[in-house]
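Here is run-v1.cif, consisting of mmCIF, C-alpha atoms:
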```cif
data_query
loop_
_atom_site.label_atom_id
_atom_site.label_comp_id
_atom_site.auth_asym_id
_atom_site.auth_seq_id
_atom_site.Cartn_x
_atom_site.Cartn_y
_atom_site.Cartn_z
CA MET A 194 -19.56 -20.09 41.48
CA THR A 195 -19.11 -19.78 37.74
CA TYR A 196 -22.45 -18.06 37.62
CA LEU A 197 -21.35 -15.62 40.28
CA LYS A 198 -18.13 -14.91 38.41
CA THR A 199 -20.03 -14.20 35.21
CA LEU A 200 -22.36 -11.92 37.08
CA LEU A 201 -19.46 -10.07 38.60
CA ALA A 202 -17.70 -9.76 35.25
CA THR A 203 -20.87 -8.43 33.66
CA ALA A 204 -21.33 -5.94 36.45
CA LEU A 205 -17.75 -4.76 36.09
CA THR A 206 -18.12 -4.42 32.32
CA VAL A 207 -21.27 -2.37 32.74
CA LEU A 208 -19.51 -0.23 35.32
CA SER A 209 -16.49 0.42 33.13
CA PHE A 210 -18.74 1.20 30.20
CA SER A 211 -20.62 3.77 32.18
CA ALA A 212 -17.30 5.20 33.32
CA ILE A 213 -16.36 5.77 29.69
CA ALA A 214 -19.80 7.07 28.89
CA GLN A 215 -19.45 9.73 31.54
CA ASN A 216 -16.18 10.88 30.13
CA THR A 217 -15.70 12.85 27.02
CA VAL A 218 -14.39 11.64 23.66
CA LYS A 219 -11.61 9.10 24.08
CA VAL A 220 -8.72 9.05 21.61
CA THR A 221 -6.21 6.21 21.71
CA ASP A 222 -3.25 4.98 19.70
CA ALA A 223 -2.73 8.24 17.82
CA TRP A 224 0.23 8.11 15.43
CA VAL A 225 1.65 9.92 12.46
CA ARG A 226 3.76 8.41 9.71
CA ALA A 227 7.23 9.90 9.69
CA THR A 228 8.46 11.64 6.54
CA VAL A 229 11.70 12.17 4.66
CA PRO A 230 13.13 15.67 4.04
CA GLN A 231 11.25 17.51 1.27
CA GLN A 232 8.14 15.42 1.78
CA LYS A 233 5.27 17.83 2.37
CA ALA A 234 2.45 15.53 3.41
CA THR A 235 1.74 12.58 5.64
CA GLY A 236 -1.11 10.75 7.35
CA ALA A 237 -2.28 10.68 10.97
CA PHE A 238 -4.19 7.75 12.44
CA MET A 239 -6.01 7.04 15.72
CA GLN A 240 -8.99 5.41 17.37
CA ILE A 241 -11.84 7.64 18.54
CA THR A 242 -14.66 6.65 20.88
CA ALA A 243 -17.38 9.18 21.55
CA PRO A 244 -19.63 8.92 24.65
CA LYS A 245 -22.71 9.89 22.61
CA ASN A 246 -23.49 10.27 18.91
CA MET A 247 -21.03 12.83 17.59
CA ARG A 248 -19.19 13.82 14.47
CA LEU A 249 -15.55 14.62 13.85
CA LEU A 250 -15.61 17.86 11.89
CA GLU A 251 -12.11 19.18 11.79
CA VAL A 252 -8.52 18.44 12.67
CA ARG A 253 -5.80 21.04 13.12
CA SER A 254 -2.11 20.74 13.77
CA THR A 255 0.59 23.31 14.28
CA VAL A 256 3.05 21.20 12.28
CA ALA A 257 1.00 21.45 9.09
CA GLY A 258 -0.32 24.37 7.07
CA VAL A 259 -3.44 22.40 6.28
CA ALA A 260 -5.07 19.31 7.79
CA GLU A 261 -7.86 17.48 6.03
CA ILE A 262 -9.94 14.41 6.84
CA HIS A 263 -9.78 11.85 4.06
CA GLU A 264 -11.27 8.50 3.34
CA MET A 265 -9.43 5.88 1.35
CA SER A 266 -11.05 3.09 -0.57
CA THR A 267 -9.82 0.47 -3.00
CA VAL A 268 -12.21 -0.42 -5.81
CA ASP A 269 -11.11 -2.78 -8.60
CA ASN A 270 -7.50 -2.52 -7.43
CA MET A 271 -7.71 1.24 -7.79
CA MET A 272 -6.81 3.28 -4.71
CA ARG A 273 -8.99 6.35 -4.22
CA MET A 274 -8.65 9.06 -1.64
CA ARG A 275 -11.33 11.66 -1.00
CA GLN A 276 -11.72 14.50 1.43
CA VAL A 277 -14.75 14.04 3.68
CA LYS A 278 -16.70 16.73 5.54
CA GLU A 279 -17.07 14.68 8.69
CA VAL A 280 -16.60 11.28 10.27
CA PRO A 281 -19.62 9.91 12.18
CA LEU A 282 -18.75 8.85 15.73
CA PRO A 283 -21.59 6.61 16.98
CA ALA A 284 -22.00 6.47 20.76
CA GLY A 285 -19.60 4.06 22.47
CA LYS A 286 -18.21 2.71 19.18
CA ALA A 287 -14.46 2.81 18.57
CA VAL A 288 -14.03 4.44 15.17
CA GLU A 289 -10.73 3.63 13.51
CA LEU A 290 -8.80 6.20 11.58
CA GLN A 291 -6.36 3.73 10.10
CA PRO A 292 -4.54 2.82 6.90
CA GLY A 293 -7.14 1.62 4.45
CA GLY A 294 -9.94 3.83 5.75
CA TYR A 295 -10.35 7.27 7.31
CA HIS A 296 -7.22 9.23 8.09
CA VAL A 297 -6.07 12.76 8.67
CA MET A 298 -3.90 14.26 5.93
CA LEU A 299 -1.32 16.69 7.24
CA LEU A 300 -0.37 18.89 4.29
CA GLU A 301 2.12 21.70 3.81
CA LEU A 302 4.31 20.26 6.56
CA LYS A 303 6.57 22.89 8.10
CA ASN A 304 9.32 20.41 9.02
CA GLN A 305 10.31 16.82 8.48
CA VAL A 306 8.44 14.51 10.85
CA LYS A 307 10.98 12.20 12.46
CA ALA A 308 10.17 8.89 14.11
CA GLY A 309 9.48 9.52 17.79
CA ASP A 310 8.39 13.16 17.30
CA LYS A 311 5.34 14.17 19.30
CA ILE A 312 2.80 15.77 16.96
CA PRO A 313 0.04 17.91 18.50
CA LEU A 314 -3.39 17.46 16.98
CA THR A 315 -6.59 19.32 17.79
CA LEU A 316 -9.82 17.52 16.98
CA VAL A 317 -13.10 19.41 16.66
CA VAL A 318 -16.16 17.28 17.39
CA GLU A 319 -19.84 18.11 17.58
CA GLY A 320 -22.71 16.36 19.32
CA GLU A 321 -26.29 16.10 18.10
CA ASP A 322 -27.03 19.15 20.25
CA LYS A 323 -24.64 21.11 17.97
CA HIS A 324 -22.38 21.69 20.93
CA ARG A 325 -18.79 21.70 19.75
CA GLU A 326 -15.74 20.73 21.73
CA THR A 327 -12.07 20.49 20.98
CA ILE A 328 -9.83 17.65 22.05
CA GLU A 329 -6.07 17.95 22.28
CA VAL A 330 -4.21 14.83 21.23
CA THR A 331 -0.52 14.03 21.03
CA ALA A 332 0.36 11.62 18.24
CA VAL A 333 3.72 9.90 18.12
CA ALA A 334 5.52 9.59 14.81
CA ARG A 335 6.27 6.05 13.68
CA PRO A 336 8.99 5.26 11.15
CA LEU A 337 7.98 5.72 7.51
CA GLY A 338 8.96 2.15 6.76
CA SER A 339 7.00 0.65 9.63
CA ALA A 340 4.29 -1.69 8.45
CA ALA A 341 0.77 -0.38 8.48
CA MET A 342 -0.43 -3.44 10.36
CA SER A 343 1.66 -2.62 13.40
CA HIS A 344 -1.23 -3.22 15.73
CA MET B 950 -0.24 -58.43 -32.59
CA LYS B 951 2.10 -58.46 -29.67
CA ARG B 952 4.45 -56.20 -31.57
CA ARG B 953 1.72 -53.75 -32.34
CA LEU B 954 0.82 -53.44 -28.69
CA PHE B 955 4.43 -52.80 -27.87
CA LEU B 956 4.56 -50.01 -30.45
CA LEU B 957 1.40 -48.48 -29.04
CA ALA B 958 2.85 -48.50 -25.57
CA GLY B 959 5.98 -46.83 -26.91
CA THR B 960 3.98 -44.08 -28.58
CA ALA B 961 2.01 -43.45 -25.42
CA GLY B 962 5.26 -43.14 -23.51
CA LEU B 963 6.58 -40.57 -25.94
CA LEU B 964 3.36 -38.59 -25.71
CA THR B 965 3.65 -38.53 -21.93
CA LEU B 966 7.20 -37.28 -22.24
CA ALA B 967 6.13 -34.51 -24.60
CA ALA B 968 3.40 -33.43 -22.20
CA CYS B 969 5.95 -33.19 -19.40
CA GLU B 970 8.11 -30.72 -21.25
CA GLN B 971 5.65 -27.89 -20.62
CA GLU B 972 4.90 -27.80 -16.90
CA PRO B 973 1.35 -27.33 -15.76
CA LYS B 974 0.36 -23.75 -15.09
CA PRO B 975 1.27 -22.96 -11.48
CA HIS B 976 -1.29 -21.60 -9.05
CA TYR B 977 -0.76 -18.10 -7.71
CA ASN B 978 -2.42 -16.05 -4.96
CA GLY B 979 -2.03 -13.01 -7.21
CA LEU B 980 -2.93 -12.49 -10.85
CA ASP B 981 -1.06 -14.64 -13.37
CA LEU B 982 -0.23 -12.11 -16.08
CA THR B 983 1.97 -14.51 -18.06
CA GLY B 984 1.42 -13.95 -21.78
CA GLY B 985 -0.73 -10.88 -21.14
CA ASP B 986 -0.62 -7.81 -23.34
CA TYR B 987 1.91 -5.82 -21.29
CA LYS B 988 4.98 -3.90 -22.37
CA PRO B 989 7.03 -3.84 -19.18
CA ASP B 990 10.01 -2.03 -20.67
CA PHE B 991 10.60 1.53 -19.49
CA LYS B 992 13.03 4.41 -19.78
CA LEU B 993 13.06 6.46 -16.56
CA SER B 994 15.42 8.58 -14.50
CA GLY B 995 16.84 7.57 -11.14
CA PRO B 996 17.74 9.80 -8.18
CA ASP B 997 21.37 9.65 -9.32
CA GLY B 998 20.43 11.23 -12.65
CA ARG B 999 20.99 7.98 -14.49
CA VAL B 1000 18.52 6.70 -17.07
CA TYR B 1001 17.29 3.20 -16.33
CA THR B 1002 15.60 0.71 -18.66
CA LEU B 1003 14.22 -2.72 -17.84
CA ALA B 1004 17.19 -4.27 -19.70
CA ASP B 1005 19.46 -2.96 -16.90
CA PHE B 1006 17.86 -5.56 -14.64
CA LYS B 1007 18.12 -8.55 -16.99
CA GLY B 1008 18.75 -11.69 -14.97
CA LYS B 1009 16.75 -10.38 -12.00
CA TYR B 1010 13.12 -10.48 -11.03
CA VAL B 1011 11.75 -6.96 -10.92
CA MET B 1012 8.82 -5.86 -8.77
CA VAL B 1013 7.26 -2.59 -9.95
CA PHE B 1014 4.81 -0.40 -8.07
CA PHE B 1015 3.33 2.87 -9.37
CA GLY B 1016 2.63 5.47 -6.70
CA PHE B 1017 3.47 8.86 -5.21
CA THR B 1018 5.30 9.92 -2.07
CA GLN B 1019 2.50 12.17 -0.74
CA CYS B 1020 0.43 9.03 -0.47
CA PRO B 1021 -0.44 8.54 3.22
CA ASP B 1022 -1.24 4.93 3.12
CA VAL B 1023 -1.27 2.60 0.11
CA CYS B 1024 2.21 3.40 -1.20
CA PRO B 1025 4.06 3.13 2.12
CA THR B 1026 2.10 -0.03 2.84
CA ALA B 1027 3.07 -1.53 -0.53
CA LEU B 1028 6.71 -0.59 0.06
CA SER B 1029 6.65 -1.97 3.62
CA ARG B 1030 5.28 -5.18 2.15
CA ALA B 1031 8.15 -5.17 -0.36
CA VAL B 1032 10.62 -4.87 2.54
CA GLU B 1033 8.93 -7.83 4.22
CA ILE B 1034 8.99 -9.83 0.96
CA ARG B 1035 12.71 -9.33 0.53
CA GLN B 1036 13.37 -10.28 4.16
CA LYS B 1037 11.34 -13.46 3.79
CA LEU B 1038 12.94 -14.40 0.47
CA GLY B 1039 16.15 -14.93 2.42
CA LEU B 1040 18.96 -15.93 0.09
CA ASP B 1041 16.78 -15.18 -2.95
CA ALA B 1042 16.30 -11.55 -1.89
CA ASP B 1043 19.10 -10.34 -4.14
CA LYS B 1044 17.32 -11.82 -7.14
CA LEU B 1045 14.50 -9.30 -6.66
CA GLN B 1046 14.85 -5.62 -7.59
CA VAL B 1047 12.10 -3.36 -6.25
CA ILE B 1048 11.21 -0.34 -8.40
CA PHE B 1049 8.80 2.48 -7.53
CA ILE B 1050 7.59 4.56 -10.47
CA SER B 1051 6.15 7.97 -9.62
CA ILE B 1052 2.80 8.91 -11.11
CA ASP B 1053 3.21 12.38 -9.58
CA PRO B 1054 6.51 13.55 -11.15
CA GLU B 1055 5.58 17.18 -10.52
CA ARG B 1056 5.98 16.80 -6.75
CA ASP B 1057 8.21 13.72 -6.66
CA THR B 1058 11.61 15.19 -7.38
CA PRO B 1059 14.54 12.80 -7.92
CA ALA B 1060 15.99 13.77 -4.51
CA LEU B 1061 12.68 13.17 -2.72
CA LEU B 1062 12.25 9.78 -4.40
CA GLY B 1063 15.80 8.85 -3.41
CA GLU B 1064 15.23 9.76 0.25
CA TYR B 1065 11.86 8.06 0.29
CA MET B 1066 13.23 4.75 -1.00
CA ARG B 1067 16.17 4.86 1.40
CA ALA B 1068 13.71 5.09 4.30
CA PHE B 1069 12.43 1.66 3.30
CA ASP B 1070 15.39 -0.16 1.76
CA PRO B 1071 18.50 1.37 0.18
CA SER B 1072 18.27 -1.18 -2.64
CA PHE B 1073 14.84 0.12 -3.76
CA LEU B 1074 14.91 2.37 -6.79
CA GLY B 1075 12.52 5.33 -7.19
CA LEU B 1076 12.14 6.35 -10.83
CA ARG B 1077 10.42 9.24 -12.55
CA THR B 1078 10.08 10.89 -15.92
CA ASP B 1079 8.13 13.65 -17.67
CA PRO B 1080 4.31 13.58 -17.58
CA GLN B 1081 3.98 12.23 -21.12
CA ASN B 1082 6.38 9.33 -20.60
CA THR B 1083 4.75 8.67 -17.20
CA ALA B 1084 1.41 8.26 -18.96
CA GLN B 1085 2.91 5.99 -21.62
CA THR B 1086 4.72 3.79 -19.08
CA ALA B 1087 1.57 3.44 -16.95
CA PHE B 1088 -0.42 2.60 -20.09
CA ASN B 1089 2.09 -0.14 -20.97
CA TYR B 1090 1.46 -1.70 -17.53
CA LYS B 1091 -2.33 -1.15 -17.74
CA VAL B 1092 -1.99 1.09 -14.70
CA PHE B 1093 -4.60 3.82 -14.24
CA TYR B 1094 -4.01 7.05 -12.38
CA ARG B 1095 -5.82 10.32 -12.11
CA ARG B 1096 -5.18 13.63 -10.48
CA VAL B 1097 -8.00 14.63 -8.14
CA PRO B 1098 -8.34 18.13 -6.65
CA SER B 1099 -8.54 17.95 -2.86
CA GLY B 1100 -8.97 20.93 -0.60
CA SER B 1101 -5.96 23.15 -1.02
CA SER B 1102 -4.04 20.80 -3.27
CA TYR B 1103 -4.53 17.51 -5.13
CA THR B 1104 -4.24 13.81 -4.58
CA MET B 1105 -3.88 10.84 -6.92
CA ASP B 1106 -6.11 7.85 -7.57
CA HIS B 1107 -4.06 4.98 -8.86
CA THR B 1108 -3.86 1.24 -9.44
CA ALA B 1109 -2.48 -0.49 -6.36
CA ILE B 1110 -0.92 -3.62 -7.85
CA SER B 1111 2.73 -4.67 -7.60
CA TYR B 1112 3.90 -6.17 -10.90
CA VAL B 1113 6.52 -8.90 -11.08
CA ILE B 1114 8.64 -9.25 -14.21
CA ASP B 1115 10.87 -12.27 -14.80
CA PRO B 1116 14.63 -12.18 -15.54
CA GLU B 1117 13.86 -12.28 -19.29
CA GLY B 1118 11.82 -9.09 -19.03
CA ARG B 1119 8.42 -10.76 -19.33
CA MET B 1120 5.41 -9.69 -17.29
CA ARG B 1121 4.45 -12.53 -14.95
CA LEU B 1122 2.48 -11.56 -11.83
CA GLY B 1123 0.13 -8.92 -10.46
CA LEU B 1124 0.22 -8.85 -6.67
CA LYS B 1125 -2.90 -7.15 -5.39
CA HIS B 1126 -2.76 -4.73 -2.50
CA THR B 1127 -4.86 -7.07 -0.36
CA LEU B 1128 -2.30 -9.90 -0.45
CA THR B 1129 -0.13 -10.40 2.62
CA GLY B 1130 3.66 -10.41 2.46
CA ASP B 1131 3.61 -14.18 2.96
CA GLU B 1132 1.22 -14.70 0.05
CA CYS B 1133 3.47 -12.59 -2.16
CA VAL B 1134 6.59 -14.50 -1.07
CA GLN B 1135 4.81 -17.74 -1.85
CA ASP B 1136 3.97 -16.49 -5.37
CA ILE B 1137 7.47 -15.19 -6.07
CA LYS B 1138 9.03 -18.46 -4.90
CA THR B 1139 6.60 -20.41 -7.09
CA LEU B 1140 7.49 -18.19 -10.03
CA MET B 1141 11.22 -18.61 -9.38
CA LYS B 1142 10.81 -22.40 -9.46
CA SER B 1143 8.37 -22.54 -12.37
CA LYS B 1144 9.56 -23.18 -15.89
CA TYR B 1145 6.14 -22.33 -17.26
CA THR B 1146 6.41 -19.43 -19.67
CA LEU B 1147 3.62 -19.93 -22.27
#
```

Full structure transcribed into structure tokens:
Amino acid sequence: MTYLKTLLATALTVLSFSAIAQNTVKVTDAWVRATVPQQKATGAFMQITAPKNMRLLEVRSTVAGVAEIHEMSTVDNMMRMRQVKEVPLPAGKAVELQPGGYHVMLLELKNQVKAGDKIPLTLVVEGEDKHRETIEVTAVARPLGSAAMSH
Amino acid sequence: MKRRLFLLAGTAGLLTLAACEQEPKPHYNGLDLTGGDYKPDFKLSGPDGRVYTLADFKGKYVMVFFGFTQCPDVCPTALSRAVEIRQKLGLDADKLQVIFISIDPERDTPALLGEYMRAFDPSFLGLRTDPQNTAQTAFNYKVFYRRVPSGSSYTMDHTAISYVIDPEGRMRLGLKHTLTGDECVQDIKTLMKSKYTL
């Protein structure tokens, strides 16, 4: 019985995996940190799962004059932030754009981002076959003061 | 002979007493900076246009973080942790003043710093000064920062440690960015109880 259950569970897992694999790039939990008036920049975060080996090349948003992909690292208690050309998206692996790692910098903000605002983001990804696609994502703004470890 | 022994015992007792006067060094999750070569005093402007020095906070513990408001990640996280620390300190929360010193005074205007702090906790104070004094203040805290060109604009590399100064204005703790709010609270409570000063 237990054996049967395990078998069934495995079969279901395989099935759901292949369901994802058939789909296109999956983006979940997209959020942007809210800002205060006069603040011209903020970060956007999300989880991206690509069905095959791909790369995230570009992010655009109508709320910002410029959007860049950055990577943060802390070495010897020193916080560093660098623009990166791309983020590798290995097949089936959930890649986190989260505080402490990769994130999207939204610069030259046109308006204050208030908690609860829906922020449109356009992601440009490319597969190994050099075929590019764009993905439209809606990120929800979380309060500026909300802890980074909110999930 | 008996008398001598008695005297010896008395001396030993006194020695023990003397040793008790200075408490053993407490253990911290963060860096114990007690007695380190820091000059935690500062002279910086607040959002209200007032000039603040460390002496204004005599009698309080002061937690200082150097950062910039365009920071997507480390600075808001450090400030969120500060909010959590004050919440968890309970009745001792009012003994802790949180101060944010801008290392990007060009973009961090007094008004922006004021708004930014209010978004976290209205009691937090965001301070700034001219570039030269910014550099000197950071140097006094052994804080490093650097302007790095990035795409269309620039970003800042900077030390991500929250410094805790005691009510006498002495540098005591360095709380690393990797510590949790609970670990920081534990350290601050230990410091508040400790009589160890060096």

Expected selection from the PyMOL selection byres ((chain A) within 9 of (chain B)), given as a ChimeraX atom specification: /A:226,228-237,259,261,265,267,269-276,291-293,296-298,300,336-342

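Interatomic distance, atom CA of B:Gly1008 to atom CA of B:Phe1088: 24.5 Å.
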
The PyMOL selection byres ((chain A and resi 330-334) around 7) resolved against shown file, as a PyMOL selection string: chain A and resi 223-227+306-315+328-329+335-336

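Atom CA of B:Pro1116 lies 12.2 Å from atom CA of B:Ile1137.
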
Between atom CA of A:Thr221 and atom CA of A:Gly285 - distance in Å to one decimal: 13.6 Å

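Within 8 Å of the file-frame point (-21.2, 10.0, 16.6), and using all atoms listed in the file, the polymer residues found are Ala243, Lys245, Asn246, Met247, Arg248, Leu249, Val280, Pro281, Leu282, Pro283, Ala284 and Gly320 of chain A.
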
Nearest residue to B:Asn1082 from the set B:Tyr1010, B:Tyr1112, B:Arg1035, B:Ile1050 (distances using only C-alpha atoms): B:Ile1050

Shell around B:Leu1038 at 9 Å using all atoms listed in the file, local window under 6 positions removed, as a PyMOL selection string: chain B and resi 1045+1134+1137-1138

Taking the file above as input, evaluate the PyMOL selection byres ((chain B and resi 989-993) around 8) and report the hits as a tab-separated table (two decimals) with C-alpha atoms, keeping the file's coordinate frame.
```
chain	number	residue	atom	x	y	z
B	987	TYR	CA	1.91	-5.82	-21.29
B	988	LYS	CA	4.98	-3.90	-22.37
B	994	SER	CA	15.42	8.58	-14.50
B	995	GLY	CA	16.84	7.57	-11.14
B	1000	VAL	CA	18.52	6.70	-17.07
B	1001	TYR	CA	17.29	3.20	-16.33
B	1002	THR	CA	15.60	0.71	-18.66
B	1003	LEU	CA	14.22	-2.72	-17.84
B	1004	ALA	CA	17.19	-4.27	-19.70
B	1076	LEU	CA	12.14	6.35	-10.83
B	1077	ARG	CA	10.42	9.24	-12.55
B	1078	THR	CA	10.08	10.89	-15.92
B	1086	THR	CA	4.72	3.79	-19.08
B	1089	ASN	CA	2.09	-0.14	-20.97
B	1090	TYR	CA	1.46	-1.70	-17.53
B	1114	ILE	CA	8.64	-9.25	-14.21
B	1118	GLY	CA	11.82	-9.09	-19.03
B	1119	ARG	CA	8.42	-10.76	-19.33
B	1120	MET	CA	5.41	-9.69	-17.29
```
